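For reference, the structure is listed below as structure tokens.
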Number of protein chains: 2
Amino acid sequence: MPATDRISQSLTRHGLRQTTVRRAVLQVLAESPYALSGGEIEQQLPPNTDRITLYRTLKSFEDSGLIHRVIDTTDVVRYAACSIECSADAHFDNHVHFKCTNCLHIYCLNQVTIPAVTLPAKFEAVTRDYLLGGVCRECQPA
Amino acid sequence: MPATDRISQSLTRHGLRQTTVRRAVLQVLAESPYALSGGEIEQQLPPNTDRITLYRTLKSFEDSGLIHRVIDTTDVVRYAACSIECSADAHFDNHVHFKCTNCLHIYCLNQVTIPAVTLPAKFEAVTRDYLLGGVCRECQPA
DNA sequence: TGTGAAACGCAATTTAGTTGCATTTAAAAA
DNA sequence: TTTTTAAATGCAACTAAATTGCGTTTCACA
């Protein structure tokens, strides 16, 4: 199945209407090996794509479980495509993220599950985010 | 020992000069039970405290190991006072953070250590951040 | 193919944080 | 105690990211 068909199917499956901007944004995120900020996504879209529309698109994608925010310690929000099982009701992105101190990219380590912790009394966790910092595969010295 | 003396000692120990703004900022962070953003700190400082000075103060505190950034999924950076052992060379804040979905406060769970994970080949982690989401002690239904 | 709700896109605005530079001040030396 | 000087401050101006309101366009179902 061509990539464009998969994009369209994702939109339909999550109850979102097909538009040019949405297909383009989802494709950019699906093809990126690391999480992207709003500005970075904008750069990869066709010129003159409206920035407000982009941000609204990101919001609706997030609400419907197509993408997830990636935790970081900066003042820029980054997004990554969700695993295919996520929906508006429940996210299942229980994987660790890895931020490279060299290239600054944040990768989803889909194969590494976030370990649970024991909490103090009366704290109840629903979501977990785990971010590692270090040197990624590409930036390792030879 | 009075709190003001402890504040002064912290500054000295980390090689920072004593100034009015620094003492005030450090006191606000040391007394807060949860992480604060730049704007929130500003609100708790004496009126007319210069915002630029505040941000520069936060930067030098972070550089010298007095405070640490707290990970989040928003576009606002928050800070919390470090444990006493941290220095410019090494941070030892290996504790879990907890963000309440009700009051939105982010607490340092100093007694809960971040568990390690096994990484794919050629990824090497130096830092770890762990954020839980859920309902905090104060916001639990009675 | 017509219709209504959803999405778009423009203008204007808000919020967070930054840069450059002249002035002031803390703290070590004289 | 005074001098010295590097560090910290504070003002003006600015940048970047994201948001709000509103009229126009478009998708998708009938």
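Labels for the structure tokens follow display order: chains A, B, ..., residues from 1 in each chain, ligands from 1.
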Residues of chain B within 8 Å of chain D, counting only C-alpha atoms (C1' of nucleotides), what are they? List them as a list in words. Asp50, Ile52 and Thr53 of chain B
Near B:Val126, within 12 Å and counting only C-alpha atoms (C1' of nucleotides), which residues show up once chain neighbours fewer than 5 positions away are dropped, as a PyMOL selection string? (chain A and resi 98-101+131-136) or (chain B and resi 90-92+94+116-117+119)
Could you go through chain B and tell me which residues DSSP, when run on the backbone, assigns to helix (DSSP H, G or I), listing them as JSON, numbers by chain? {"B": [3, 4, 5, 6, 7, 8, 9, 10, 11, 12, 13, 20, 21, 22, 23, 24, 25, 26, 27, 28, 29, 30, 31, 38, 39, 40, 41, 42, 43, 44, 51, 52, 53, 54, 55, 56, 57, 58, 59, 60, 61, 62, 63]}
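Take atom CA of B:Gly38 and atom CA of B:Thr19: the distance between them is 18.3 Å.
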Show me, as a PDB file with N, CA and C atoms (P, O5', C5', C4', C3', O3' and C1' of nucleotides), in the first residue's frame, the residues of chain C whose atoms get within 9 Å of chain A, using only C-alpha atoms (C1' of nucleotides) for the distance check.
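File written: iface.pdb
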ATOM      1  P    DA C   6     -18.917  20.113  13.385  1.00  0.00           P
ATOM      2  O5'  DA C   6     -17.563  20.098  12.542  1.00  0.00           O
ATOM      3  C5'  DA C   6     -17.404  19.121  11.511  1.00  0.00           C
ATOM      4  C4'  DA C   6     -16.231  19.510  10.649  1.00  0.00           C
ATOM      5  C3'  DA C   6     -15.000  19.957  11.431  1.00  0.00           C
ATOM      6  O3'  DA C   6     -13.882  19.260  10.914  1.00  0.00           O
ATOM      7  C1'  DA C   6     -15.582  21.596   9.818  1.00  0.00           C
ATOM      8  P    DA C   7     -12.425  19.460  11.519  1.00  0.00           P
ATOM      9  O5'  DA C   7     -11.744  20.447  10.461  1.00  0.00           O
ATOM     10  C5'  DA C   7     -11.680  20.050   9.104  1.00  0.00           C
ATOM     11  C4'  DA C   7     -11.085  21.167   8.280  1.00  0.00           C
ATOM     12  C3'  DA C   7      -9.772  21.735   8.815  1.00  0.00           C
ATOM     13  O3'  DA C   7      -8.819  21.706   7.769  1.00  0.00           O
ATOM     14  C1'  DA C   7     -11.314  23.475   8.355  1.00  0.00           C
ATOM     15  P    DC C   8      -7.402  22.368   7.908  1.00  0.00           P
ATOM     16  O5'  DC C   8      -7.607  23.780   7.200  1.00  0.00           O
ATOM     17  C5'  DC C   8      -8.095  23.813   5.873  1.00  0.00           C
ATOM     18  C4'  DC C   8      -8.215  25.238   5.386  1.00  0.00           C
ATOM     19  C3'  DC C   8      -6.947  26.076   5.515  1.00  0.00           C
ATOM     20  O3'  DC C   8      -6.654  26.604   4.232  1.00  0.00           O
ATOM     21  C1'  DC C   8      -8.814  27.235   6.405  1.00  0.00           C
ATOM     22  P    DG C   9      -5.186  27.175   3.910  1.00  0.00           P
ATOM     23  O5'  DG C   9      -5.322  28.711   4.259  1.00  0.00           O
ATOM     24  C5'  DG C   9      -6.152  29.558   3.457  1.00  0.00           C
ATOM     25  C4'  DG C   9      -6.184  30.947   4.052  1.00  0.00           C
ATOM     26  C3'  DG C   9      -4.818  31.495   4.485  1.00  0.00           C
ATOM     27  O3'  DG C   9      -4.810  32.888   4.232  1.00  0.00           O
ATOM     28  C1'  DG C   9      -6.267  31.575   6.289  1.00  0.00           C
ATOM     29  P    DA C  16       3.825  33.752  29.932  1.00  0.00           P
ATOM     30  O5'  DA C  16       5.188  33.407  29.202  1.00  0.00           O
ATOM     31  C5'  DA C  16       5.238  32.276  28.335  1.00  0.00           C
ATOM     32  C4'  DA C  16       6.634  32.133  27.812  1.00  0.00           C
ATOM     33  C3'  DA C  16       7.723  32.351  28.862  1.00  0.00           C
ATOM     34  O3'  DA C  16       8.674  31.298  28.754  1.00  0.00           O
ATOM     35  C1'  DA C  16       8.044  33.828  27.017  1.00  0.00           C
TER      36       DA C  16
END
Could you please select, counting only C-alpha atoms, the residues of chain A within 12 Å of chain B and state them as number ranges by chain? A: 37-38, 68-79, 94-101, 107-142
When DSSP works through the backbone of this structure, what residues of stretch 8-134 of chain A end up as strand (DSSP E or B), shown as a PyMOL selection string? chain A and resi 36-37+67-70+72+78-81+95-100+106-113+124-134
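Reported to one decimal place, the separation of atom CA of A:Ala81 from atom CA of A:Leu66 is 6.2 Å.
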So the first atom is atom CA of B:Gly39 and the second is atom C1' of C:DA22; what is the distance between them in Å, to one decimal place? 26.6 Å
Can you tell me which residues surround A:Leu29 at a distance of at most 9 Å, considering only C-alpha atoms (C1' of nucleotides), apart from same-chain residues fewer than 4 positions away, and format the answer as a ChimeraX atom specification? /A:24-25,33-36,41,67,79-81
Expected file contents, prior selection, C-alpha atoms, as a PDB file, in the first residue's frame:
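Everything below was put into out-v8.pdb:
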ATOM      1  CA  ALA A  24       1.103  16.942   4.435  1.00  0.00           C
ATOM      2  CA  VAL A  25       1.626  17.379   8.185  1.00  0.00           C
ATOM      3  CA  PRO A  33      12.976   9.608  12.513  1.00  0.00           C
ATOM      4  CA  TYR A  34      12.854  12.090  15.386  1.00  0.00           C
ATOM      5  CA  ALA A  35      10.367  14.447  17.038  1.00  0.00           C
ATOM      6  CA  LEU A  36       9.713  17.813  15.379  1.00  0.00           C
ATOM      7  CA  ILE A  41       7.315  20.924  10.621  1.00  0.00           C
ATOM      8  CA  ILE A  67       0.542  12.193  17.400  1.00  0.00           C
ATOM      9  CA  TYR A  79       5.671  16.084  18.316  1.00  0.00           C
ATOM     10  CA  ALA A  80       6.065  12.543  17.046  1.00  0.00           C
ATOM     11  CA  ALA A  81       3.692  10.202  15.239  1.00  0.00           C
TER      12      ALA A  81
END
